[in-house]
Amino acid sequence: MEGGNHSGVSEFVLVGLTHSWEIQLLLLVFSSVLYVGSMTGNILIVFSVTIDPHLHSPMYFLLAGLSFIDLGACSAASPKMIYDLFRKRKVISFGGCIAQIFFIHVVGGVEMVLLIAMAFDRYVAICKPLHYLTIMSPRRCVLFLTAAWALGVSHSLFQLAFIVNLPFCGPNVVDSFYCDLPRLLRLACTDTYRLQFMVTINSGFICVGSFFILLISYIFILFTVWKRSSGGGSSKALSTLSAHITVVLLFFGPTMFVYTWPHPNSQMDKFFAILDAVLTPFLNPVIYTLRNKEMKAALKRVCRHLVVYRKIS
């Protein structure tokens with residue numbers, strides 16, 4: 001990787017979010033609170049699903065996988081952004097920039113597949129309830145998780161193949177608070193129009209394609225629920241589905257704008273990037289917890305166990 005960078009640029013200067021000290025202070029508090037909340041909420045979900053036998057089901061297995069990847073989502077760019085809010089000169093090394101891009105795209109790829117797997121899980125649970133445990137077997141759940149990570153890593157490596165051998169000789173200023181692949185390509189000392197187009201096609205196709213698969217799936221599931229609507233079962237199903245759909249919209253909305261919008265706008269991109277990096281990983285556990293009685297009960301049990309354990313120790 002170091003050998004590929006045959007140029008004089010060893011670091012990149014990040015412009016950040018704003019030059020106003022008052023807004024930076026507000027962002028510091030806002031981002032720090034959301035980051036701590038994201039880490040706490042997602043760790044609690046993973047911990048609860050792991051130790052609570054009431055949550056040993058395919059739906060919660062996939063939810064734990066989503067929470068685990070959300071730990072990576074909020075850690076890929078947020079800690080660096082929060083640290084840089086203290087600094088006047090915000091820099092990141094060439095290797096650090098490449099690593100950040102790699103982890104951001106791994107997280108994005110894994111999350112897309114997991115959201116599709118969770119939609120499939122809800123489809124089977126609602127449309128084929130008698131065959132649910134047969135179809136959503138532990139082996140299939142592990143296959144979903146393995147496929148998610150395989151796609152995420154391969155997608156990220158494919159993206160990095162575009163930039164590791166490009167020459168960077170200046171300028172080295174990235175107009176963002178993190179290393180973003182499209183902006184980095186525009187800093188290369190060569191014509192990267194085709195590469196930018198390929199990156200947009202690759203990320204855009206995966207993102208838009210996954211979104212439409214999910215959209216069609218949830219429309220079909222909602223139609224099935226509507227046809228069978230009678231009693232409390234349908235209201236419970238609709239509550240679960242609304243949580244899933246909300247998470248899908250929160251994840252894909254900013255991502256599609258950043259990677260498919262033909263006329264990039266710096267401030268708008270930064271706004272959506274903050275939503276993707278800080279707010280969405282925080283809201284995911286909140287949405288799934290508040291709309292799920294079993295999850296709330298499990299979290300209460302875990303918290304009680306932790307309090308008792310602390311008193312004993």
# chains A, B, ... in the order shown; residues from 1 in each chain; ligands from 1

$ residues_around --residues "Val258 (chain A)" --least-positions-apart "4" --cutoff "9 Å" --atoms "only C-alpha atoms" --output "PDB file with all heavy atoms, in the first residue's frame"
ATOM      1  N   GLY A 253     -31.032   6.442   3.091  1.00  0.00           N
ATOM      2  CA  GLY A 253     -31.244   7.828   2.673  1.00  0.00           C
ATOM      3  C   GLY A 253     -29.952   8.603   2.505  1.00  0.00           C
ATOM      4  O   GLY A 253     -29.618   9.062   1.393  1.00  0.00           O
ATOM      5  N   PRO A 254     -29.144   8.772   3.567  1.00  0.00           N
ATOM      6  CA  PRO A 254     -27.876   9.502   3.437  1.00  0.00           C
ATOM      7  C   PRO A 254     -26.892   8.828   2.490  1.00  0.00           C
ATOM      8  O   PRO A 254     -26.208   9.494   1.708  1.00  0.00           O
ATOM      9  CB  PRO A 254     -27.328   9.510   4.871  1.00  0.00           C
ATOM     10  CG  PRO A 254     -28.503   9.297   5.739  1.00  0.00           C
ATOM     11  CD  PRO A 254     -29.423   8.408   4.972  1.00  0.00           C
ATOM     12  N   PRO A 264     -22.608  16.935  -6.490  1.00  0.00           N
ATOM     13  CA  PRO A 264     -22.242  16.940  -5.078  1.00  0.00           C
ATOM     14  C   PRO A 264     -22.190  18.341  -4.489  1.00  0.00           C
ATOM     15  O   PRO A 264     -21.729  19.281  -5.115  1.00  0.00           O
ATOM     16  CB  PRO A 264     -20.850  16.291  -5.071  1.00  0.00           C
ATOM     17  CG  PRO A 264     -20.338  16.448  -6.458  1.00  0.00           C
ATOM     18  CD  PRO A 264     -21.529  16.435  -7.354  1.00  0.00           C
ATOM     19  N   MET A 268     -24.060  19.806   2.097  1.00  0.00           N
ATOM     20  CA  MET A 268     -25.111  18.787   2.147  1.00  0.00           C
ATOM     21  C   MET A 268     -24.506  17.405   2.359  1.00  0.00           C
ATOM     22  O   MET A 268     -25.023  16.599   3.140  1.00  0.00           O
ATOM     23  CB  MET A 268     -25.922  18.808   0.852  1.00  0.00           C
ATOM     24  CG  MET A 268     -27.201  17.993   0.916  1.00  0.00           C
ATOM     25  SD  MET A 268     -28.403  18.659   2.085  1.00  0.00           S
ATOM     26  CE  MET A 268     -28.999  20.072   1.177  1.00  0.00           C
ATOM     27  N   ASP A 269     -23.376  17.132   1.677  1.00  0.00           N
ATOM     28  CA  ASP A 269     -22.686  15.857   1.858  1.00  0.00           C
ATOM     29  C   ASP A 269     -22.253  15.677   3.310  1.00  0.00           C
ATOM     30  O   ASP A 269     -22.368  14.590   3.888  1.00  0.00           O
ATOM     31  CB  ASP A 269     -21.460  15.777   0.953  1.00  0.00           C
ATOM     32  CG  ASP A 269     -21.832  15.400  -0.477  1.00  0.00           C
ATOM     33  OD1 ASP A 269     -23.037  15.210  -0.736  1.00  0.00           O
ATOM     34  OD2 ASP A 269     -20.937  15.317  -1.325  1.00  0.00           O
ATOM     35  N   LYS A 270     -21.723  16.747   3.915  1.00  0.00           N
ATOM     36  CA  LYS A 270     -21.276  16.675   5.308  1.00  0.00           C
ATOM     37  C   LYS A 270     -22.444  16.406   6.238  1.00  0.00           C
ATOM     38  O   LYS A 270     -22.334  15.618   7.187  1.00  0.00           O
ATOM     39  CB  LYS A 270     -20.576  17.977   5.710  1.00  0.00           C
ATOM     40  CG  LYS A 270     -19.215  18.182   5.067  1.00  0.00           C
ATOM     41  CD  LYS A 270     -18.622  19.517   5.501  1.00  0.00           C
ATOM     42  CE  LYS A 270     -17.331  19.809   4.756  1.00  0.00           C
ATOM     43  NZ  LYS A 270     -16.752  21.114   5.157  1.00  0.00           N
ATOM     44  N   PHE A 272     -25.299  14.822   5.567  1.00  0.00           N
ATOM     45  CA  PHE A 272     -25.724  13.430   5.449  1.00  0.00           C
ATOM     46  C   PHE A 272     -24.666  12.474   5.982  1.00  0.00           C
ATOM     47  O   PHE A 272     -24.992  11.405   6.511  1.00  0.00           O
ATOM     48  CB  PHE A 272     -26.060  13.095   3.992  1.00  0.00           C
ATOM     49  CG  PHE A 272     -27.414  13.590   3.561  1.00  0.00           C
ATOM     50  CD1 PHE A 272     -27.539  14.620   2.652  1.00  0.00           C
ATOM     51  CD2 PHE A 272     -28.560  13.030   4.087  1.00  0.00           C
ATOM     52  CE1 PHE A 272     -28.783  15.083   2.264  1.00  0.00           C
ATOM     53  CE2 PHE A 272     -29.817  13.483   3.710  1.00  0.00           C
ATOM     54  CZ  PHE A 272     -29.929  14.517   2.792  1.00  0.00           C
ATOM     55  N   ALA A 273     -23.388  12.846   5.844  1.00  0.00           N
ATOM     56  CA  ALA A 273     -22.312  12.010   6.374  1.00  0.00           C
ATOM     57  C   ALA A 273     -22.379  11.934   7.895  1.00  0.00           C
ATOM     58  O   ALA A 273     -22.131  10.881   8.494  1.00  0.00           O
ATOM     59  CB  ALA A 273     -20.955  12.541   5.933  1.00  0.00           C
TER      60      ALA A 273
END

$ closest_atom_pairs --of "region 24-102 of chain A" --to "region 286-296 of chain A" --cutoff "12 Å" --atoms "only C-alpha atoms" --output "CSV"
residue,atom,partner,partner_atom,distance
A:Leu34,CA,A:Val286,CA,11.4
A:Gly37,CA,A:Val286,CA,9.5
A:Ser38,CA,A:Val286,CA,9.0
A:Met39,CA,A:Val286,CA,11.8
A:Thr40,CA,A:Val286,CA,10.8
A:Gly41,CA,A:Val286,CA,7.4
A:Asn42,CA,A:Val286,CA,9.1
A:Leu44,CA,A:Met295,CA,10.3
A:Ile45,CA,A:Met295,CA,8.1
A:Val46,CA,A:Met295,CA,11.0
A:Phe47,CA,A:Met295,CA,11.6
A:Ser48,CA,A:Met295,CA,8.3
A:Val49,CA,A:Met295,CA,8.6
A:Asp52,CA,A:Met295,CA,10.0
A:Pro53,CA,A:Glu294,CA,11.4
A:His54,CA,A:Glu294,CA,7.9
A:Leu55,CA,A:Glu294,CA,7.7
A:His56,CA,A:Glu294,CA,11.4
A:Ser57,CA,A:Glu294,CA,11.6
A:Met59,CA,A:Met295,CA,11.1
A:Tyr60,CA,A:Met295,CA,8.7
A:Leu63,CA,A:Tyr288,CA,8.6
A:Ala64,CA,A:Tyr288,CA,10.9
A:Leu66,CA,A:Tyr288,CA,10.9
A:Ser67,CA,A:Tyr288,CA,10.2

$ select_by_dssp --residues "region 10-137 of chain A" --states "helix (DSSP H, G or I)" --output "count of residues only"
101

$ closest_residue --among "A:Asn284, A:Val248, A:Thr200, A:Tyr35" --to "Phe212 (chain A)" --atoms "only C-alpha atoms"
A:Val248

$ residues_around --residues "Leu17 (chain A)" --least-positions-apart "3" --cutoff "10 Å" --atoms "only C-alpha atoms" --output "PyMOL selection string"
chain A and resi 14+20+23-24+27+81+84-85+175-178+266-267+270-271+274

$ write_last_selection --atoms "N, CA and C atoms" --output "compact mmCIF listing (two decimals), in the first residue's frame"
# COMPACT_ATOMS: atom_id res chain seq x y z
N LEU A 14 -7.81 17.65 6.63
CA LEU A 14 -9.27 17.60 6.62
C LEU A 14 -9.83 18.99 6.95
N SER A 20 -16.56 27.79 12.64
CA SER A 20 -17.12 28.51 13.78
C SER A 20 -16.83 27.74 15.07
N ILE A 23 -20.11 26.58 16.89
CA ILE A 23 -20.75 25.41 16.28
C ILE A 23 -19.91 24.16 16.54
N GLN A 24 -18.58 24.30 16.50
CA GLN A 24 -17.70 23.17 16.79
C GLN A 24 -17.93 22.65 18.21
N LEU A 27 -21.17 20.78 18.21
CA LEU A 27 -20.98 19.49 17.55
C LEU A 27 -20.20 18.52 18.43
N MET A 81 -13.32 12.41 14.17
CA MET A 81 -14.03 13.68 14.03
C MET A 81 -14.11 14.41 15.37
N ASP A 84 -10.72 15.76 16.30
CA ASP A 84 -10.34 16.91 15.46
C ASP A 84 -11.08 18.18 15.84
N LEU A 85 -12.23 18.05 16.49
CA LEU A 85 -12.95 19.25 16.92
C LEU A 85 -12.16 20.04 17.97
N ASP A 175 -12.14 18.20 1.61
CA ASP A 175 -13.21 19.06 2.12
C ASP A 175 -14.28 18.21 2.82
N SER A 176 -13.88 17.61 3.94
CA SER A 176 -14.80 16.79 4.73
C SER A 176 -14.16 16.58 6.10
N PHE A 177 -14.85 15.82 6.96
CA PHE A 177 -14.30 15.52 8.28
C PHE A 177 -13.76 14.10 8.34
N TYR A 178 -13.82 13.38 7.22
CA TYR A 178 -13.26 12.03 7.14
C TYR A 178 -12.82 11.79 5.70
N SER A 266 -20.90 20.22 -0.96
CA SER A 266 -20.03 19.96 0.19
C SER A 266 -20.79 19.96 1.51
N GLN A 267 -21.55 21.02 1.77
CA GLN A 267 -22.25 21.13 3.04
C GLN A 267 -23.34 20.08 3.18
N LYS A 270 -21.72 16.75 3.91
CA LYS A 270 -21.28 16.68 5.31
C LYS A 270 -22.44 16.41 6.24
N PHE A 271 -23.57 17.04 5.98
CA PHE A 271 -24.75 16.85 6.81
C PHE A 271 -25.20 15.40 6.77
N ILE A 274 -22.71 13.06 8.55
CA ILE A 274 -22.87 13.06 10.01
C ILE A 274 -24.02 12.15 10.41

$ closest_residue --among "A:Arg194, A:Arg139, A:Lys227, A:Lys90" --to "Val174 (chain A)" --atoms "only C-alpha atoms"
A:Lys90

$ closest_residue --among "A:Pro167, A:Gly209, A:Gly109, A:Pro182" --to "Leu145 (chain A)" --atoms "only C-alpha atoms"
A:Gly109

$ select_by_dssp --residues "region 53-259 of chain A" --states "strand (DSSP E)" --output "ChimeraX atom specification"
/A:91-93,173-174

$ write_last_selection --atoms "C-alpha atoms" --output "PDB file, in the first residue's frame"
ATOM      1  CA  VAL A  91      -4.654  15.917   9.464  1.00  0.00           C
ATOM      2  CA  ILE A  92      -4.723  12.211   8.707  1.00  0.00           C
ATOM      3  CA  SER A  93      -1.878  10.088   7.317  1.00  0.00           C
ATOM      4  CA  VAL A 173      -6.947  19.124   1.322  1.00  0.00           C
ATOM      5  CA  VAL A 174     -10.064  16.961   1.757  1.00  0.00           C
TER       6      VAL A 174
END

$ residues_around --residues "Asn202 (chain A)" --least-positions-apart "2" --cutoff "12 Å" --atoms "only C-alpha atoms" --output "ChimeraX atom specification"
/A:105,109,154-156,158-159,162,182,195-200,204-209,256,259-260

$ write_last_selection --atoms "N, CA and C atoms" --output "compact mmCIF listing (two decimals), in the first residue's frame"
# COMPACT_ATOMS: atom_id res chain seq x y z
N HIS A 105 -16.38 1.28 4.04
CA HIS A 105 -17.05 0.50 2.99
C HIS A 105 -17.34 -0.93 3.44
N GLY A 109 -21.15 -2.30 3.36
CA GLY A 109 -21.51 -3.52 2.63
C GLY A 109 -22.15 -4.56 3.53
N SER A 154 -15.05 -7.73 0.24
CA SER A 154 -14.72 -7.74 -1.19
C SER A 154 -15.09 -6.41 -1.85
N HIS A 155 -16.24 -5.84 -1.46
CA HIS A 155 -16.65 -4.54 -2.00
C HIS A 155 -15.63 -3.47 -1.62
N SER A 156 -15.17 -3.48 -0.38
CA SER A 156 -14.22 -2.48 0.09
C SER A 156 -12.87 -2.62 -0.61
N PHE A 158 -12.38 -3.89 -3.53
CA PHE A 158 -12.59 -3.46 -4.91
C PHE A 158 -12.51 -1.95 -5.03
N GLN A 159 -13.08 -1.24 -4.03
CA GLN A 159 -13.02 0.23 -4.03
C GLN A 159 -11.57 0.72 -3.85
N PHE A 162 -9.03 1.08 -6.73
CA PHE A 162 -9.05 2.27 -7.59
C PHE A 162 -8.01 3.30 -7.18
N PRO A 182 -14.79 9.42 -3.15
CA PRO A 182 -14.95 10.31 -4.30
C PRO A 182 -14.10 11.57 -4.19
N LEU A 195 -12.50 6.64 -13.20
CA LEU A 195 -12.50 5.97 -11.91
C LEU A 195 -13.64 6.48 -11.03
N GLN A 196 -13.86 7.80 -11.05
CA GLN A 196 -14.97 8.36 -10.28
C GLN A 196 -16.31 7.80 -10.76
N PHE A 197 -16.42 7.66 -12.07
CA PHE A 197 -17.64 7.11 -12.65
C PHE A 197 -17.83 5.65 -12.21
N MET A 198 -16.74 4.88 -12.21
CA MET A 198 -16.82 3.46 -11.82
C MET A 198 -17.16 3.31 -10.34
N VAL A 199 -16.56 4.19 -9.51
CA VAL A 199 -16.86 4.14 -8.07
C VAL A 199 -18.33 4.46 -7.83
N THR A 200 -18.84 5.48 -8.53
CA THR A 200 -20.25 5.85 -8.39
C THR A 200 -21.16 4.71 -8.84
N GLY A 204 -23.12 3.03 -6.08
CA GLY A 204 -24.51 3.40 -6.35
C GLY A 204 -25.36 2.21 -6.72
N PHE A 205 -24.82 1.30 -7.54
CA PHE A 205 -25.58 0.12 -7.97
C PHE A 205 -25.89 -0.77 -6.77
N ILE A 206 -24.88 -1.02 -5.93
CA ILE A 206 -25.09 -1.87 -4.76
C ILE A 206 -26.10 -1.23 -3.81
N CYS A 207 -25.94 0.08 -3.59
CA CYS A 207 -26.79 0.79 -2.64
C CYS A 207 -28.24 0.87 -3.14
N VAL A 208 -28.42 1.36 -4.37
CA VAL A 208 -29.77 1.52 -4.93
C VAL A 208 -30.42 0.15 -5.15
N GLY A 209 -29.63 -0.82 -5.63
CA GLY A 209 -30.16 -2.17 -5.84
C GLY A 209 -30.65 -2.80 -4.55
N MET A 256 -27.37 6.87 -0.18
CA MET A 256 -27.71 7.04 -1.59
C MET A 256 -27.44 8.47 -2.05
N TYR A 259 -23.51 8.91 -2.54
CA TYR A 259 -22.84 8.15 -3.60
C TYR A 259 -23.55 8.15 -4.95
N THR A 260 -24.76 8.69 -5.02
CA THR A 260 -25.45 8.66 -6.31
C THR A 260 -25.88 10.03 -6.80
